[in-house]
Structure formats: structure tokens, C-alpha cells
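Read the structure below first, then the notes.
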Amino acid sequence: MAPPRFLLHHAPRTRASRILWLLEEAAAPYELVRHDLSSGTHKRPALLALNPFGKLPVLEDRGPDGAWQGVAVTESAAICAYVADALPAAGLAPAIGTPARAAYASWLAFGGSVLEPAFADLMFPRATTPPPQAIGWPDFAAAVARVEATLAAGGPWLLGAAFSAADLMVGSMLQWVVAWGKFSPGPAVTAYLQALAARPALVRAQALEAAPHPGTA
Ligand SMILES: N[C@@H](CCC(=O)N[C@@H](CS)C(=O)NCC(=O)O)C(=O)O
């Protein structure tokens with residue numbers, strides 16, 4: 001039997017977790033290769049050939065008919081965009097050419113290029129304060145305030161009625177930050193986190209992470 005289209009290089013409780021959730025949301029055909037960060041399987045040559053930084057997630061794509069070789073996507077937001085566009089029937093992105101695409105693209109980038117660096121600044125303060133105009137993101141409180149205001153103006157998701165891959169990027173970051181105990185969410189974000197936690201695809205992804213897995217690298 002032909003292998004499934006996608007292969008996710010994964011490690012539990014890492015940024016790869018959100019891609020496992022994504023694949024479940026998309027009902028994508030996939031297999032997992034589970035890496036062990038403590039023993040460094042993600043720094044082996046085969047993985048470094050796909051991502052020279054040796055970081056997870058990495059998603060390999062064998063293509064619609066299984067004929068592609070050496071096609072891999074790195075960076076969580078890029079993987080979200082790629083899968084949402086490759087599997088449009090999953091409805092994880094507004095259709096190309098529609099106005100909803102603007103908010104979608106903005107929020108998709110927001111998770112990794114605003115929320116995440118702002119959180120890193122919160123956790124690991126800099127020795128010197130850089131000029132704010134030289135830094136491409138606000139402080140963490142301002143970043144989260146924007147999410148709170150957007151959801152309060154019309155949820156339950158960032159784009160309103162439709163869940164999208166952007167919720168996966170922003171929502172997974174917020175889940176992580178709350179788990180670290182570094183942030184008390186406002187009412188709109190609290191309701192958002194509850195709605196995310198109830199998504200069947202996330203529940204399935206969490207169960208898969210918790211189960212023993214035969215495909216360890
Ligand atoms: N910008 C990347 C970050 C990936 C990343 O930092 N992954 C971490 C796991 S959470 C990793 O692989 N760390 C292992 C290491 O650096 O050795 C993304 O968003 O996908």
C-alpha cells in the first residue's frame with residue numbers, strides 16, 4: 001500500500017504539536033515520525049537535509065499522487081498555510097481572492113511573528129532596551145490585547161464564524177503561554193481557549209501525542 005501523502009517530523013509538547021492538530025483538523029493523510037529531543041534524533045543528517053536548523057516541525061509532502069521526492073515545508077505558519085491551501089476542502093482558509101483572506105493572512109503571521117517573539121521578550125528580558133521602532137512586535141500585553149479586542153468584537157474565532165488555520169497558530173501560542181502560568185487571559189480569550197480545547201481534532205491530536213508511538217526516529 002502506498003504511504004500517506006504527508007509525513008510529519010514530530011516531538012510531543014513542542015511546536016510540532018500544533019501541526020499534528022492541523023493535520024487532524026484537515027483530515028489529512030499522514031504518518032508521524034516521532035523525534036526525541038533529548039537524544040537528538042532531530043539533529044541527524046536526514047533531518048538536517050530537510051531543515052538545516054534541526055528544528056521541528058518539518059512536514060514532508062509526497063504529493064497528491066505520491067510521486068514527489070524531497071519536498072518539505074518548515075516553519076509552523078508556513079506549514080499551516082501550505083496544508084490549508086493544499087487541502088481546500090478542509091475549509092481551514094478563506095478562498096483565495098476573497099476579502100476574508102486579508103485578516104486570515106494577518107493573523108496567520110501574527111502567531112509566529114508577533115505573539116511568539118513578544119512572549120520570548122517577556123520570558124527572557126533583554127539586557128538593553130532596544131528602540132521600539134527597531135523591533136517588529138509590541139510588548140506581550142499589547143499583542144494579547146489585540147487578540148482580546150478582536151474576539152470581543154466578534155468571535156468565536158479570529159475571523160468570526162469560521163475557524164481557520166490562523167486560530168491554530170494564535171490559539172496554540174496562547175495555550176502554551178497560559179500553561180506556563182505567565183498570563184491571565186481576559187474574558188474573550190478565556191472563552192476562545194475553552195472553544196479551542198473542545199475541538200475534536202485537538203482532542204485527537206493530544207491523545208495521539210500521549211499514546212506510545214512505533215515510528216520513533
Ligand atoms: N520557527 C519554528 C520554530 C521551531 C522550533 O523552535 N522548534 C523547537 C521545538 S518547540 C525545536 O525543534 N527545538 C529543538 C532544538 O532546537 O534542538 C516554527 O515555528 O516552526
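Every chain in the C-alpha cells takes a letter, A first, then B, and so on in the order presented; its residues are numbered from 1, and the ligands are numbered from 1 following the presented order.
Proximal residues of ligand 1 are A:Ala11, A:Arg13, A:Thr14, A:Arg15, A:Ala16, A:Leu37, A:Gly40, A:His42, A:Lys43, A:Phe53, A:Gly54, A:Lys55, A:Leu56, A:Pro57, A:Val58, A:Thr74, A:Glu75, A:Ser76, A:Ala77, A:Gly112, by a cut-off of 8 Å on only C-alpha atoms and all ligand atoms.
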Those residues with C-alpha atoms, as an mmCIF file, in the first residue's frame please?
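What follows is the written file again-v5.cif:
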data_model
loop_
_atom_site.group_PDB
_atom_site.id
_atom_site.type_symbol
_atom_site.label_atom_id
_atom_site.label_comp_id
_atom_site.auth_asym_id
_atom_site.auth_seq_id
_atom_site.Cartn_x
_atom_site.Cartn_y
_atom_site.Cartn_z
ATOM 1 C CA ALA A 11 8.033 15.578 19.042
ATOM 2 C CA ARG A 13 4.758 19.036 23.603
ATOM 3 C CA THR A 14 6.691 21.116 21.085
ATOM 4 C CA ARG A 15 5.778 23.468 18.266
ATOM 5 C CA ALA A 16 5.184 20.311 16.222
ATOM 6 C CA LEU A 37 14.785 15.990 21.544
ATOM 7 C CA GLY A 40 18.948 14.492 19.447
ATOM 8 C CA HIS A 42 16.320 15.789 15.107
ATOM 9 C CA LYS A 43 19.972 16.690 14.570
ATOM 10 C CA PHE A 53 18.376 24.292 11.827
ATOM 11 C CA GLY A 54 17.387 20.814 13.015
ATOM 12 C CA LYS A 55 14.122 22.106 14.443
ATOM 13 C CA LEU A 56 10.645 20.663 14.446
ATOM 14 C CA PRO A 57 8.070 20.643 12.956
ATOM 15 C CA VAL A 58 9.070 19.577 9.453
ATOM 16 C CA THR A 74 9.429 24.182 7.614
ATOM 17 C CA GLU A 75 8.169 26.960 9.922
ATOM 18 C CA SER A 76 4.828 26.405 11.602
ATOM 19 C CA ALA A 77 2.955 29.286 9.965
ATOM 20 C CA GLY A 112 4.781 33.419 14.942
#
Closest atom pairs, region 41-108 of chain A residues within 8 Å of region 138-161 of chain A, only C-alpha atoms, as a tab-separated table:
residue	atom	partner	partner_atom	distance
A:Ala100	CA	A:Leu159	CA	7.5
A:Ala103	CA	A:Leu159	CA	6.9
A:Tyr104	CA	A:Leu159	CA	6.9
A:Trp107	CA	A:Leu158	CA	7.6
When you look at region 44-52 of chain A with a cut-off of 12 Å (counting only C-alpha atoms), what residues show up, excluding the ones that are within fewer than 5 positions of it in the same chain? I need them as a PDB file with C-alpha atoms, in the first residue's frame.
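That gives us around_13.pdb:
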ATOM      1  CA  LEU A   8       5.275  14.920   9.994  1.00  0.00           C
ATOM      2  CA  HIS A   9       8.535  15.026  11.894  1.00  0.00           C
ATOM      3  CA  HIS A  10       7.183  15.484  15.356  1.00  0.00           C
ATOM      4  CA  VAL A  33       7.974  10.199  12.747  1.00  0.00           C
ATOM      5  CA  ARG A  34       8.464  10.911  16.392  1.00  0.00           C
ATOM      6  CA  HIS A  35      11.744  12.507  17.413  1.00  0.00           C
ATOM      7  CA  ASP A  36      13.314  12.569  20.821  1.00  0.00           C
ATOM      8  CA  LEU A  37      14.785  15.990  21.544  1.00  0.00           C
ATOM      9  CA  SER A  39      18.647  12.102  22.389  1.00  0.00           C
ATOM     10  CA  PRO A  57       8.070  20.643  12.956  1.00  0.00           C
ATOM     11  CA  VAL A  58       9.070  19.577   9.453  1.00  0.00           C
ATOM     12  CA  LEU A  59       6.366  18.379   7.091  1.00  0.00           C
ATOM     13  CA  GLU A  60       7.276  16.225   4.104  1.00  0.00           C
ATOM     14  CA  ASP A  61       4.836  16.142   1.182  1.00  0.00           C
ATOM     15  CA  GLN A  69      10.508  13.470  -3.521  1.00  0.00           C
ATOM     16  CA  GLY A  70      12.424  15.778  -1.213  1.00  0.00           C
ATOM     17  CA  VAL A  71       9.548  18.239  -0.790  1.00  0.00           C
ATOM     18  CA  ALA A  72       9.449  19.576   2.752  1.00  0.00           C
ATOM     19  CA  VAL A  73       7.964  22.611   4.492  1.00  0.00           C
ATOM     20  CA  THR A  74       9.429  24.182   7.614  1.00  0.00           C
ATOM     21  CA  GLU A  75       8.169  26.960   9.922  1.00  0.00           C
ATOM     22  CA  ALA A 217      13.231   8.197  14.542  1.00  0.00           C
TER      23      ALA A 217
END
Between A:Asp167, A:Glu116, A:Glu209, A:Asp65, which is the closest to Pro29 (chain A) once you count only C-alpha atoms?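 The answer is A:Asp65, which sits nearest to Pro29 (chain A).
You will find CA of Ala165 (chain A) at 23.9 Å from CA of Ser184 (chain A).
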Rank A:Gln133, A:Phe119, A:Glu25, A:Ala127 by their smallest atom-to-atom distance to Leu92 (chain A), using only C-alpha atoms, and report the top residue only.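 Comparing A:Gln133, A:Phe119, A:Glu25, A:Ala127 against Leu92 (chain A), the winner is A:Glu25.
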Write out as a PyMOL selection string the set of residues from region 8-114 of chain A that DSSP, computed on the backbone, places in strand (DSSP E or B). chain A and resi 8-10+30-34+58-61+72-74
Where does DSSP see alpha helix (DSSP H) in region 17-208 of chain A, if you list the residues as an NGL selection string? :A and (17-25 or 45-48 or 76-86 or 100-110 or 116-123 or 140-153 or 165-179 or 187-197 or 200-208)
Please provide as a list in words all residues within 7 Å of Gly111 (chain A), with the sequence filter that same-chain residues fewer than 6 positions apart are discarded (counting only C-alpha atoms). Met169, Val170 and Met173 of chain A
Output of the above residues as a PDB file, in the first residue's frame, restricted to N, CA and C atoms:
ATOM      1  N   MET A 169      -2.532  28.767  14.863  1.00  0.00           N
ATOM      2  CA  MET A 169      -1.253  29.413  15.191  1.00  0.00           C
ATOM      3  C   MET A 169      -1.374  30.287  16.426  1.00  0.00           C
ATOM      4  N   VAL A 170      -2.391  31.150  16.435  1.00  0.00           N
ATOM      5  CA  VAL A 170      -2.553  32.070  17.567  1.00  0.00           C
ATOM      6  C   VAL A 170      -3.009  31.295  18.806  1.00  0.00           C
ATOM      7  N   MET A 173      -0.306  29.196  20.561  1.00  0.00           N
ATOM      8  CA  MET A 173       0.608  30.055  21.327  1.00  0.00           C
ATOM      9  C   MET A 173      -0.018  30.447  22.656  1.00  0.00           C
TER      10      MET A 173
END
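Counting from CA of Pro94 (chain A), the distance to CA of Ala109 (chain A) is 15.1 Å.
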For Ala179 (chain A), which residue out of A:Asp121, A:Ala198, A:Ala134, A:Leu193 is the nearest one, using only C-alpha atoms?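 Looking only at the distances to Ala179 (chain A), the closest residue turns out to be A:Leu193.
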